[in-house]
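Listing of run-v8.txt, compact mmCIF, C-alpha atoms
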```txt
# COMPACT_ATOMS: atom_id res chain seq x y z
CA MET A 1 -51.62 -23.61 -11.81
CA ASN A 2 -48.37 -25.54 -11.73
CA GLU A 3 -46.46 -26.44 -14.87
CA VAL A 4 -47.57 -30.09 -14.83
CA ALA A 5 -51.24 -29.12 -14.81
CA ALA A 6 -50.61 -26.39 -17.36
CA ARG A 7 -49.40 -28.96 -19.89
CA ALA A 8 -53.01 -30.04 -20.41
CA VAL A 9 -54.03 -26.54 -21.49
CA PRO A 10 -53.53 -25.42 -25.12
CA GLY A 11 -50.76 -22.86 -25.42
CA TRP A 12 -49.31 -23.78 -22.02
CA ARG A 13 -45.72 -23.28 -23.16
CA GLY A 14 -46.36 -19.67 -24.11
CA ARG A 15 -48.18 -19.01 -20.86
CA VAL A 16 -45.42 -20.53 -18.73
CA ALA A 17 -42.80 -18.57 -20.66
CA TRP A 18 -44.81 -15.37 -20.14
CA GLU A 19 -45.11 -16.00 -16.41
CA ARG A 20 -41.35 -16.47 -16.18
CA LEU A 21 -40.49 -13.43 -18.29
CA ARG A 22 -43.09 -11.04 -16.87
CA PRO A 23 -41.03 -10.02 -13.78
CA ALA A 24 -38.05 -9.24 -15.99
CA GLY A 25 -40.30 -7.16 -18.24
CA TRP A 26 -41.58 -5.17 -15.29
CA SER A 27 -38.02 -4.80 -14.05
CA VAL A 28 -36.93 -3.27 -17.35
CA PHE A 29 -40.02 -1.04 -17.39
CA ASP A 30 -39.27 0.03 -13.82
CA GLN A 31 -35.69 0.93 -14.54
CA CYS A 32 -36.53 2.65 -17.82
CA CYS A 33 -39.01 4.90 -16.02
CA VAL A 34 -36.75 5.48 -13.01
CA SER A 35 -33.73 6.18 -15.17
CA ALA A 36 -35.71 8.51 -17.42
CA LEU A 37 -37.10 10.44 -14.46
CA ASN A 38 -33.76 10.62 -12.69
CA PHE A 39 -32.00 11.44 -15.95
CA VAL A 40 -34.31 14.37 -16.68
CA SER A 41 -34.04 15.65 -13.09
CA SER A 42 -30.24 15.64 -13.21
CA TRP A 43 -30.25 17.17 -16.69
CA LEU A 44 -32.48 20.03 -15.50
CA LEU A 45 -30.19 20.63 -12.52
CA ALA A 46 -27.08 20.57 -14.73
CA ARG A 47 -28.63 23.08 -17.14
CA SER A 48 -30.18 25.36 -14.52
CA LEU A 49 -27.85 25.37 -11.52
CA PRO A 50 -24.61 27.36 -11.59
CA THR A 51 -21.82 24.91 -12.39
CA ALA A 52 -20.25 25.13 -8.92
CA GLN A 53 -23.67 24.54 -7.28
CA PHE A 54 -24.23 21.52 -9.49
CA GLY A 55 -20.81 20.26 -8.44
CA THR A 56 -21.80 20.61 -4.77
CA PHE A 57 -25.01 18.68 -5.42
CA ALA A 58 -23.08 15.99 -7.30
CA LEU A 59 -20.69 15.52 -4.37
CA ALA A 60 -23.62 15.23 -1.95
CA TYR A 61 -25.28 12.71 -4.25
CA THR A 62 -22.17 10.53 -4.15
CA GLY A 63 -22.74 10.42 -0.38
CA LEU A 64 -26.17 8.90 -1.00
CA MET A 65 -24.55 6.43 -3.38
CA LEU A 66 -22.14 5.46 -0.61
CA VAL A 67 -24.91 4.67 1.90
CA THR A 68 -26.75 2.76 -0.83
CA GLY A 69 -23.64 0.67 -1.41
CA LEU A 70 -23.31 -0.05 2.31
CA GLN A 71 -27.00 -0.94 2.51
CA ASN A 72 -26.81 -3.22 -0.51
CA ALA A 73 -23.92 -5.13 1.05
CA VAL A 74 -25.36 -5.89 4.49
CA ILE A 75 -29.12 -5.58 3.89
CA ALA A 76 -30.33 -5.78 0.28
CA GLN A 77 -28.03 -8.37 -1.29
CA PRO A 78 -28.16 -10.75 1.69
CA HIS A 79 -31.94 -10.53 1.44
CA ASN A 80 -31.94 -11.03 -2.35
CA VAL A 81 -29.71 -14.11 -2.15
CA LEU A 82 -30.47 -15.75 1.21
CA ALA A 83 -34.24 -15.25 1.24
CA ALA A 84 -34.92 -15.86 -2.47
CA SER A 85 -36.12 -19.46 -1.94
CA TRP A 86 -37.50 -19.25 1.62
CA LYS A 87 -41.10 -20.02 2.48
CA ASP A 88 -43.60 -17.46 3.72
CA SER A 89 -43.18 -17.47 7.52
CA ARG A 90 -39.40 -17.61 7.51
CA TYR A 91 -39.26 -15.00 4.75
CA THR A 92 -41.58 -12.57 6.58
CA THR A 93 -39.70 -12.93 9.86
CA PHE A 94 -36.32 -12.36 8.24
CA THR A 95 -37.60 -9.37 6.23
CA THR A 96 -39.11 -7.73 9.31
CA ARG A 97 -36.02 -8.20 11.41
CA LEU A 98 -33.75 -6.99 8.63
CA TRP A 99 -35.92 -3.88 8.28
CA GLY A 100 -35.46 -3.24 11.98
CA ALA A 101 -31.69 -3.58 11.59
CA GLN A 102 -31.66 -1.17 8.67
CA LEU A 103 -33.76 1.41 10.50
CA LEU A 104 -31.43 1.39 13.50
CA ILE A 105 -28.34 1.62 11.28
CA SER A 106 -29.69 4.49 9.18
CA LEU A 107 -30.79 6.50 12.23
CA ALA A 108 -27.42 5.99 13.92
CA GLY A 109 -25.55 6.96 10.76
CA ALA A 110 -27.70 10.06 10.27
CA ALA A 111 -27.07 11.14 13.87
CA LEU A 112 -23.31 10.74 13.51
CA LEU A 113 -23.28 12.65 10.22
CA ALA A 114 -25.38 15.48 11.66
CA ILE A 115 -23.08 15.78 14.68
CA ALA A 116 -20.04 15.86 12.38
CA ALA A 117 -21.65 18.64 10.30
CA ALA A 118 -22.47 20.68 13.40
CA ILE A 119 -18.91 20.35 14.72
CA ALA A 120 -17.46 21.29 11.32
CA ASN A 121 -19.67 24.41 11.19
CA LEU A 122 -18.52 25.43 14.66
CA ILE A 123 -14.87 25.00 13.71
CA ALA A 124 -15.35 26.94 10.45
CA HIS A 125 -17.44 29.66 12.20
CA ALA A 126 -19.83 29.47 9.24
CA HIS A 127 -22.57 27.34 7.72
CA ARG A 128 -20.32 25.80 5.08
CA PHE A 129 -21.34 22.24 6.02
CA ASP A 130 -25.13 22.67 6.09
CA ILE A 131 -25.30 20.48 2.98
CA VAL A 132 -23.84 17.62 5.07
CA PHE A 133 -26.52 18.15 7.73
CA LEU A 134 -29.20 17.96 5.03
CA LEU A 135 -27.55 14.81 3.69
CA ALA A 136 -27.94 13.24 7.15
CA LEU A 137 -31.67 13.99 7.15
CA VAL A 138 -32.20 12.71 3.62
CA MET A 139 -30.31 9.43 4.01
CA VAL A 140 -32.93 7.82 6.32
CA PRO A 141 -35.91 7.98 3.92
CA TRP A 142 -33.56 7.38 0.97
CA MET A 143 -32.40 4.09 2.49
CA ALA A 144 -35.95 3.14 3.47
CA GLN A 145 -37.18 3.47 -0.11
CA GLU A 146 -34.21 1.49 -1.40
CA PHE A 147 -35.02 -1.26 1.13
CA VAL A 148 -38.60 -1.45 -0.13
CA ARG A 149 -37.67 -1.75 -3.79
CA ARG A 150 -34.94 -4.33 -3.24
CA VAL A 151 -37.13 -6.52 -1.01
CA LEU A 152 -39.87 -6.45 -3.63
CA TYR A 153 -37.35 -7.68 -6.19
CA THR A 154 -36.37 -10.66 -4.02
CA ARG A 155 -39.68 -12.30 -4.87
CA ALA A 156 -39.78 -10.83 -8.37
CA ALA A 157 -42.57 -8.37 -7.45
CA ALA A 158 -41.18 -6.02 -10.08
CA ARG A 159 -44.57 -4.42 -10.80
CA ASP A 160 -44.96 -3.23 -7.21
CA ALA A 161 -41.35 -2.03 -7.22
CA ALA A 162 -42.03 -0.11 -10.44
CA PHE A 163 -45.04 1.70 -8.98
CA ASN A 164 -43.09 2.63 -5.86
CA ASP A 165 -40.15 3.89 -7.89
CA LEU A 166 -42.46 5.93 -10.08
CA LEU A 167 -43.86 7.58 -6.97
CA CYS A 168 -40.38 8.30 -5.61
CA PHE A 169 -38.56 9.50 -8.71
CA GLY A 170 -41.64 11.06 -10.26
CA GLY A 171 -41.97 13.09 -7.07
CA GLN A 172 -38.34 14.13 -7.34
CA LEU A 173 -38.81 15.31 -10.92
CA ALA A 174 -41.94 17.23 -9.96
CA GLY A 175 -40.03 18.96 -7.16
CA VAL A 176 -37.13 19.85 -9.45
CA LEU A 177 -39.54 21.27 -12.03
CA ILE A 178 -41.13 23.43 -9.35
CA LEU A 179 -37.70 24.73 -8.29
CA VAL A 180 -36.54 25.37 -11.85
CA ASN A 181 -39.68 27.31 -12.73
CA SER A 182 -40.11 29.06 -9.37
CA PRO A 183 -40.58 32.83 -9.60
CA VAL A 184 -38.76 33.18 -6.27
CA PRO A 185 -35.15 34.32 -6.86
CA GLY A 186 -32.62 31.81 -5.58
CA ALA A 187 -35.18 29.04 -5.02
CA LEU A 188 -33.10 26.55 -7.00
CA THR A 189 -30.03 25.59 -4.98
CA ALA A 190 -28.10 22.41 -4.27
CA LYS A 191 -29.67 22.29 -0.79
CA ALA A 192 -33.22 22.67 -2.15
CA ALA A 193 -32.61 19.85 -4.65
CA LEU A 194 -31.44 17.59 -1.83
CA VAL A 195 -34.56 18.40 0.21
CA VAL A 196 -36.73 17.40 -2.77
CA ILE A 197 -35.01 13.99 -2.86
CA GLY A 198 -35.67 13.50 0.85
CA VAL A 199 -39.36 14.39 0.71
CA ALA A 200 -40.06 12.18 -2.32
CA SER A 201 -38.17 9.25 -0.76
CA LEU A 202 -40.09 9.61 2.50
CA LEU A 203 -43.46 9.47 0.74
CA ALA A 204 -42.49 6.47 -1.38
CA SER A 205 -40.98 4.57 1.55
CA ILE A 206 -44.16 4.93 3.63
CA VAL A 207 -46.33 3.70 0.76
CA GLY A 208 -43.90 0.86 0.06
CA LEU A 209 -43.74 -0.37 3.65
CA VAL A 210 -47.54 -0.43 3.79
CA ARG A 211 -47.54 -2.46 0.57
CA LEU A 212 -45.02 -4.98 1.95
CA ALA A 213 -47.21 -5.41 5.03
CA GLY A 214 -50.25 -5.88 2.79
CA ARG A 215 -48.42 -8.63 0.89
CA GLY A 216 -47.72 -10.39 4.19
CA GLU A 217 -43.96 -9.89 3.84
CA LEU A 218 -43.53 -7.44 6.71
CA GLN A 219 -44.96 -7.40 10.21
CA TRP A 220 -45.98 -4.25 12.05
CA GLY A 221 -45.31 -3.75 15.75
CA TRP A 222 -42.28 -4.06 17.97
CA GLY A 223 -42.75 -7.82 18.36
CA GLY A 224 -41.43 -8.44 14.87
CA PHE A 225 -38.16 -6.74 15.79
CA ALA A 226 -37.33 -9.17 18.59
CA GLY A 227 -34.82 -11.14 16.54
CA VAL A 228 -33.10 -8.19 14.87
CA TRP A 229 -29.69 -9.23 16.17
CA GLY A 230 -30.03 -12.77 14.80
CA ALA A 231 -31.10 -11.53 11.35
CA TRP A 232 -28.29 -8.99 11.36
CA ARG A 233 -25.72 -11.67 12.18
CA GLU A 234 -26.97 -13.83 9.32
CA ALA A 235 -26.88 -10.91 6.89
CA TRP A 236 -23.51 -9.79 8.21
CA GLY A 237 -22.08 -13.27 7.74
CA PHE A 238 -23.03 -13.09 4.09
CA GLY A 239 -22.33 -9.43 3.45
CA ARG A 240 -19.29 -8.45 5.53
CA TRP A 241 -16.90 -8.88 2.64
CA LEU A 242 -19.41 -7.23 0.33
CA LEU A 243 -19.49 -4.28 2.73
CA ALA A 244 -15.73 -3.89 2.52
CA GLN A 245 -15.93 -4.41 -1.24
CA ASN A 246 -18.66 -1.78 -1.71
CA ILE A 247 -16.78 0.78 0.36
CA VAL A 248 -13.67 0.18 -1.67
CA THR A 249 -15.70 0.15 -4.90
CA TRP A 250 -17.28 3.47 -3.99
CA PHE A 251 -13.85 5.00 -3.56
CA GLY A 252 -12.76 3.44 -6.83
CA VAL A 253 -15.80 4.77 -8.72
CA ASN A 254 -16.32 8.14 -6.99
CA GLY A 255 -12.81 8.77 -5.75
CA ASN A 256 -11.99 10.49 -9.04
CA ILE A 257 -14.73 13.04 -8.41
CA TRP A 258 -13.44 13.76 -4.92
CA VAL A 259 -9.91 14.07 -6.28
CA VAL A 260 -11.24 16.63 -8.78
CA GLY A 261 -13.07 18.45 -5.97
CA ALA A 262 -9.95 18.52 -3.80
CA LEU A 263 -7.55 19.57 -6.57
CA LEU A 264 -9.74 21.67 -8.88
CA GLY A 265 -12.85 22.68 -6.88
CA THR A 266 -16.60 22.17 -7.15
CA HIS A 267 -16.80 24.02 -10.48
CA ALA A 268 -14.66 21.33 -12.11
CA VAL A 269 -16.80 18.63 -10.48
CA GLY A 270 -19.88 20.28 -12.00
CA VAL A 271 -18.30 20.34 -15.46
CA TYR A 272 -17.27 16.70 -15.27
CA ARG A 273 -20.61 15.39 -14.00
CA ALA A 274 -22.59 17.43 -16.51
CA VAL A 275 -20.46 16.35 -19.49
CA ILE A 276 -20.66 12.63 -18.67
CA HIS A 277 -24.37 12.81 -17.85
CA PRO A 278 -25.44 11.50 -21.31
CA VAL A 279 -23.67 8.24 -20.45
CA ASN A 280 -26.46 7.66 -17.93
CA MET A 281 -28.70 6.68 -20.84
CA ILE A 282 -27.26 3.22 -20.15
CA ASN A 283 -29.01 3.20 -16.78
CA PRO A 284 -32.30 1.46 -17.71
CA VAL A 285 -30.52 -1.77 -18.62
CA ARG A 286 -27.82 -1.40 -15.97
CA GLN A 287 -30.12 -0.71 -13.04
CA ALA A 288 -32.62 -3.37 -14.10
CA ALA A 289 -29.76 -5.84 -14.14
CA TYR A 290 -28.42 -4.76 -10.75
CA ALA A 291 -31.85 -5.01 -9.13
CA PHE A 292 -33.18 -8.18 -10.74
CA LEU A 293 -30.25 -10.46 -11.52
CA PRO A 294 -28.55 -11.26 -8.16
CA SER A 295 -31.50 -13.28 -6.89
CA ARG A 296 -31.94 -14.92 -10.33
CA ALA A 297 -28.28 -15.97 -10.32
CA ALA A 298 -28.73 -17.51 -6.88
CA LEU A 299 -31.72 -19.49 -8.14
CA ALA A 300 -29.80 -20.59 -11.25
CA LEU A 301 -27.03 -21.93 -9.04
CA GLN A 302 -29.51 -23.65 -6.74
CA ALA A 303 -31.36 -25.29 -9.64
CA GLY A 304 -28.45 -26.31 -11.86
CA GLY A 305 -25.29 -26.06 -9.80
CA GLU A 306 -22.19 -24.47 -11.27
CA GLU A 307 -22.97 -25.74 -14.75
CA GLY A 308 -26.43 -24.16 -14.57
CA LEU A 309 -24.89 -20.88 -13.43
CA ARG A 310 -22.42 -20.96 -16.31
CA ARG A 311 -25.23 -21.52 -18.82
CA TRP A 312 -27.13 -18.62 -17.26
CA VAL A 313 -24.11 -16.34 -17.69
CA ARG A 314 -23.65 -17.40 -21.33
CA VAL A 315 -27.23 -16.41 -22.09
CA LEU A 316 -26.94 -13.19 -20.11
CA PHE A 317 -24.00 -11.64 -21.99
CA PRO A 318 -25.74 -10.94 -25.33
CA VAL A 319 -29.06 -10.14 -23.65
CA LEU A 320 -27.42 -7.33 -21.67
CA LEU A 321 -24.93 -5.96 -24.18
CA LEU A 322 -26.70 -5.98 -27.56
CA PRO A 323 -29.39 -3.41 -26.56
CA LEU A 324 -26.60 -0.96 -25.71
CA LEU A 325 -24.88 -1.12 -29.09
CA PRO A 326 -26.79 1.81 -30.72
CA LEU A 327 -26.09 4.00 -27.69
CA ALA A 328 -22.40 3.08 -27.81
CA VAL A 329 -22.20 4.11 -31.46
CA LEU A 330 -23.89 7.45 -30.68
CA LEU A 331 -21.77 8.39 -27.67
CA LEU A 332 -18.47 7.23 -29.14
CA GLY A 333 -19.10 8.50 -32.67
CA ALA A 334 -20.84 11.86 -32.13
CA PRO A 335 -20.04 13.18 -28.62
CA HIS A 336 -19.96 16.87 -29.68
CA TRP A 337 -23.44 16.62 -31.19
CA VAL A 338 -24.72 14.92 -28.03
CA LEU A 339 -23.35 17.66 -25.75
CA THR A 340 -24.83 20.39 -27.93
CA LEU A 341 -28.18 18.65 -27.92
CA PHE A 342 -28.18 18.34 -24.13
CA PHE A 343 -26.67 21.63 -22.98
CA GLY A 344 -26.36 24.01 -25.92
CA ASP A 345 -23.14 25.99 -25.59
CA LYS A 346 -22.83 25.63 -21.81
CA TYR A 347 -20.54 22.59 -21.97
CA SER A 348 -19.06 22.85 -25.47
CA GLY A 349 -15.47 23.72 -24.53
CA PRO A 350 -12.43 22.11 -26.13
CA GLY A 351 -11.72 18.58 -24.99
CA LEU A 352 -15.18 18.00 -23.50
CA PRO A 353 -16.50 15.80 -26.37
CA ALA A 354 -13.43 13.57 -25.98
CA LEU A 355 -14.11 13.40 -22.24
CA LEU A 356 -17.65 12.16 -22.94
CA ALA A 357 -16.47 9.52 -25.41
CA ILE A 358 -13.81 8.17 -23.05
CA ALA A 359 -16.24 8.07 -20.12
CA ALA A 360 -18.79 6.22 -22.26
CA LEU A 361 -16.27 3.57 -23.29
CA ALA A 362 -15.30 3.06 -19.65
CA GLN A 363 -18.94 2.56 -18.62
CA PHE A 364 -19.63 0.01 -21.35
CA ILE A 365 -16.59 -2.01 -20.30
CA ALA A 366 -17.72 -1.84 -16.66
CA PHE A 367 -21.18 -3.10 -17.57
CA ALA A 368 -19.77 -5.98 -19.63
CA ARG A 369 -18.10 -7.18 -16.43
CA PHE A 370 -21.39 -7.47 -14.51
CA PRO A 371 -22.51 -11.00 -15.60
CA MET A 372 -19.27 -12.46 -14.27
CA GLU A 373 -19.48 -10.40 -11.07
CA VAL A 374 -23.05 -11.47 -10.28
CA ALA A 375 -22.13 -15.11 -10.92
CA LEU A 376 -19.29 -14.86 -8.41
CA LEU A 377 -21.70 -13.22 -5.96
CA ALA A 378 -24.20 -16.08 -6.34
CA ALA A 379 -21.34 -18.53 -5.73
CA ARG A 380 -20.70 -16.59 -2.49
CA ALA A 381 -17.22 -15.56 -3.57
CA THR A 382 -17.63 -12.34 -1.62
CA LYS A 383 -14.10 -12.29 -0.26
CA VAL A 384 -12.70 -12.67 -3.76
CA LEU A 385 -14.91 -9.83 -5.00
CA PHE A 386 -13.62 -7.66 -2.19
CA LEU A 387 -10.01 -8.38 -3.12
CA ILE A 388 -10.79 -7.51 -6.75
CA SER A 389 -12.37 -4.23 -5.64
CA LEU A 390 -9.08 -3.13 -4.06
CA LEU A 391 -7.65 -2.68 -7.55
CA PRO A 392 -9.55 0.55 -8.43
CA VAL A 393 -8.37 2.25 -5.25
CA LEU A 394 -4.78 1.32 -5.93
CA LEU A 395 -5.02 2.49 -9.54
CA LEU A 396 -6.76 5.69 -8.46
CA LEU A 397 -3.79 6.59 -6.28
CA VAL A 398 -1.14 5.44 -8.75
CA VAL A 399 -2.78 6.55 -12.02
CA GLY A 400 -5.79 8.73 -11.26
CA VAL A 401 -4.25 11.45 -9.10
CA PRO A 402 -1.36 12.14 -11.51
CA LEU A 403 -3.73 12.20 -14.50
CA VAL A 404 -6.13 14.65 -12.82
CA SER A 405 -3.23 16.84 -11.69
CA ASN A 406 -1.84 17.06 -15.23
CA LEU A 407 -4.91 16.81 -17.47
CA GLY A 408 -7.74 18.18 -15.31
CA VAL A 409 -11.19 16.71 -15.84
CA THR A 410 -10.06 14.80 -18.95
CA GLY A 411 -7.68 12.91 -16.69
CA VAL A 412 -10.66 11.66 -14.69
CA ALA A 413 -12.15 9.96 -17.74
CA ILE A 414 -8.82 8.44 -18.78
CA SER A 415 -8.19 7.04 -15.30
CA SER A 416 -11.72 5.59 -15.24
CA LEU A 417 -11.04 3.84 -18.53
CA VAL A 418 -7.78 2.36 -17.23
CA ILE A 419 -9.45 1.21 -14.01
CA THR A 420 -12.50 -0.42 -15.66
CA ALA A 421 -10.38 -2.23 -18.24
CA ALA A 422 -8.14 -3.63 -15.51
CA LEU A 423 -11.18 -4.69 -13.46
CA PHE A 424 -12.70 -6.49 -16.43
CA LEU A 425 -9.55 -8.48 -17.11
CA VAL A 426 -9.04 -9.45 -13.48
CA THR A 427 -12.71 -10.42 -13.00
CA ALA A 428 -12.64 -12.51 -16.18
CA PHE A 429 -9.57 -14.37 -14.93
CA VAL A 430 -11.12 -15.02 -11.49
CA TYR A 431 -14.45 -16.10 -12.99
CA ARG A 432 -12.65 -18.57 -15.22
CA ARG A 433 -10.73 -20.04 -12.31
CA TRP A 434 -13.54 -19.99 -9.74
CA LEU A 435 -16.30 -21.55 -11.83
CA GLY A 436 -14.03 -23.73 -13.96
CA THR A 437 -15.04 -22.41 -17.35
CA SER A 438 -13.53 -20.40 -20.13
CA VAL A 439 -14.70 -16.80 -20.29
CA ALA A 440 -14.52 -17.15 -24.02
CA HIS A 441 -17.49 -19.52 -23.77
CA ALA A 442 -19.30 -17.02 -21.55
CA GLY A 443 -19.45 -14.21 -24.01
CA GLY A 444 -16.79 -14.34 -26.66
CA VAL A 445 -14.18 -12.55 -24.56
CA ARG A 446 -10.64 -13.85 -24.30
```
Show the structure stored in the file as structure tokens.
Amino acid sequence: MNEVAARAVPGWRGRVAWERLRPAGWSVFDQCCVSALNFVSSWLLARSLPTAQFGTFALAYTGLMLVTGLQNAVIAQPHNVLAASWKDSRYTTFTTRLWGAQLLISLAGAALLAIAAAIANLIAHAHRFDIVFLLALVMVPWMAQEFVRRVLYTRAAARDAAFNDLLCFGGQLAGVLILVNSPVPGALTAKAALVVIGVASLLASIVGLVRLAGRGELQWGWGGFAGVWGAWREAWGFGRWLLAQNIVTWFGVNGNIWVVGALLGTHAVGVYRAVIHPVNMINPVRQAAYAFLPSRAALALQAGGEEGLRRWVRVLFPVLLLPLLPLAVLLLGAPHWVLTLFFGDKYSGPGLPALLAIAALAQFIAFARFPMEVALLAARATKVLFLISLLPVLLLLVVGVPLVSNLGVTGVAISSLVITAALFLVTAFVYRRWLGTSVAHAGGVR
């Protein structure tokens, strides 16, 4: 029933509002479940793995985050934005061809990574880089599952995305629980945890691809792949600057961890990632926003132009930030209590509560920047976003490395705070200039 016909039905306003809000509700439910499952899995690994092993796993996981960032730039976000308003036949053709492009890219990347790991092992005369070989195997199903969930979000099929994510991340948690409670000595290792991620992602990606085909949004058979190059060129035209931006952003976000690994070793990486893990309680709202909002911003721009996009951003600021206020008070006001609750005495050393509080503040500032970033993305200011993303890399080299060298893991949190604050200010300035509005009107920030 369209909205005009619905006006004749009692209570039509409530029903229309429910239909519009229901995808967002499922999106929040999805990300709450995914974040909870992923949060518990990582918490179990941080508690149960030796600190150095957890550091190794954390470094490998940043590799998966890198390929996700690359995929989001040239596959997921072009699909979310370009295909959001397309009709059925054009949408299905583009989705199928983009899936073919992703599959070829992921297989080629996995092959190159596996070859690099094999060569590194030969040079080292040891199996020191087996974790990289496993990473190559895991990245293909990992990217496939991410493709499924992001495509489902393009048409606001958040319920289907939620079920697929529950299968994937619920499977990961089940595998971690089996490893943690295994009677076999040495069953729980960084490599075994990575294998669990790969198996769960493979199962969920198969189920998700079948579901997309059942919805008529994906075609089976080689015929649907005939125009892969054309779809890739269209996605590349949109996402090439996003690709560069996401690579640079990855270095800006995860470069600190690699600096710690290079200067202080995997044990220090394990300490840092475990201590800041409670900050990931922000993830339900953050990941729901990242998955759901880019396509909504594109539709807001299409429906109301720049003024409509500005109104959308004004509404978005309090909706995103107010739910996080209790968590901010907890992490900033009682970090020692939080660490004791999560890890007992394992990570209760001097300076670690301050590290958690600083890292939490940095993450809240970073999240407050997102409404302006997604508005610029919808306005196709991808080159500008790339130029902004160069700032964290520069600050990492100028500020981050000296801080880590002198302050250890605490220096990582301080450099992250400096970087996120600078990014917020620069993004606010660009948003104000690009969309012709005062940021003060878009959220009370001057």
- Query: Between A:Gly351, A:Val132, A:Gln219, A:Leu293, which has the minimum distance to Ala158 of chain A (counting only C-alpha atoms)?
  - Reply: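 Looking only at the distances to Ala158 of chain A, the closest residue turns out to be A:Leu293.
Comparing the minimum interatomic distances between Leu49 of chain A and each of A:Lys191, A:Arg432, A:Lys383, A:His277, counting all atoms listed in the file, we find that A:Lys191 sits nearest.
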- Query: Residues at most 12 Å from Ala366 of chain A, counting only C-alpha atoms, excluding those fewer than 6 positions away in the same chain, as a PyMOL selection string?
  - Reply: chain A and resi 253+282+286+321+359-360+372-373+392+416-428
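Distances here use all atoms listed in the file; by that measure, the residue among A:Phe251, A:Ala375, A:Leu301, A:Met281 closest to Leu397 of chain A is A:Phe251.
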- Message: If we count only C-alpha atoms and set the cut-off at 9 Å, which residues sit around segment 273-276 of chain A, ignoring sequence neighbours fewer than 2 positions away in its own chain? Please answer as a list in words.
- Response: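 The residues that qualify are Ser42, Trp43, Ala46, Arg47, Thr51, Phe54, Gly55, Ala58, Ile257, Ala268, Val269, Gly270, Val271, Pro278, Val279, Asn280, Leu339, Phe343, Tyr347, Ser348, Leu352, Pro353, Leu355, Leu356, Ala357, Ala359, Ala360 and Ala413 of chain A.
The smallest atom-to-atom distance between Val374 of chain A and any of A:Ser201, A:Ser27, A:Gln77, A:Thr93, using all atoms listed in the file, is found for A:Gln77.
When all atoms listed in the file are used to compute distances to Leu316 of chain A, the closest of the residues A:Val207, A:Val28, A:Leu135, A:Ala289 turns out to be A:Ala289.
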- Task: Enumerate, as an MDAnalysis selection string, the protein, DNA and RNA residues whose atoms approach (-0.6, 7.0, -13.7) to within 12 Å, taking into account all atoms listed in the file and the coordinate frame of the file.
- Result: chainID A and resid 394:407 411:412 414:419
Axis-aligned box over every listed atom of segment 38-42 of chain A, padded by 4 Å per side: centre and edges in Å to one decimal, as lines of an AutoDock Vina configuration file?
```
center_x = -32.3
center_y = 13.1
center_z = -14.7
size_x = 12.1
size_y = 13.0
size_z = 12.0
```
Using the incomplete input, complete segment 175-183 of chain A to the level of N, CA, C and O atoms; output as a tab-separated table (two decimals), in the coordinates of the input.
```tsv
chain	number	residue	atom	x	y	z
A	175	GLY	N	-40.64	17.95	-8.02
A	175	GLY	CA	-40.03	18.96	-7.16
A	175	GLY	C	-38.97	19.78	-7.87
A	175	GLY	O	-38.89	21.00	-7.69
A	176	VAL	N	-38.15	19.12	-8.69
A	176	VAL	CA	-37.13	19.85	-9.45
A	176	VAL	C	-37.77	20.81	-10.44
A	176	VAL	O	-37.32	21.96	-10.59
A	177	LEU	N	-38.85	20.38	-11.10
A	177	LEU	CA	-39.54	21.27	-12.03
A	177	LEU	C	-40.10	22.49	-11.32
A	177	LEU	O	-40.05	23.62	-11.85
A	178	ILE	N	-40.63	22.29	-10.13
A	178	ILE	CA	-41.13	23.43	-9.35
A	178	ILE	C	-39.99	24.40	-9.03
A	178	ILE	O	-40.14	25.62	-9.15
A	179	LEU	N	-38.84	23.86	-8.62
A	179	LEU	CA	-37.70	24.73	-8.29
A	179	LEU	C	-37.18	25.46	-9.52
A	179	LEU	O	-36.88	26.66	-9.46
A	180	VAL	N	-37.07	24.75	-10.64
A	180	VAL	CA	-36.54	25.37	-11.85
A	180	VAL	C	-37.43	26.49	-12.35
A	180	VAL	O	-36.95	27.53	-12.84
A	181	ASN	N	-38.73	26.32	-12.22
A	181	ASN	CA	-39.68	27.31	-12.73
A	181	ASN	C	-40.21	28.25	-11.65
A	181	ASN	O	-41.15	29.01	-11.91
A	182	SER	N	-39.64	28.21	-10.47
A	182	SER	CA	-40.11	29.06	-9.37
A	182	SER	C	-39.83	30.53	-9.67
A	182	SER	O	-38.73	30.89	-10.12
A	183	PRO	N	-40.81	31.39	-9.41
A	183	PRO	CA	-40.58	32.83	-9.60
A	183	PRO	C	-39.76	33.45	-8.46
A	183	PRO	O	-39.34	34.61	-8.57
```
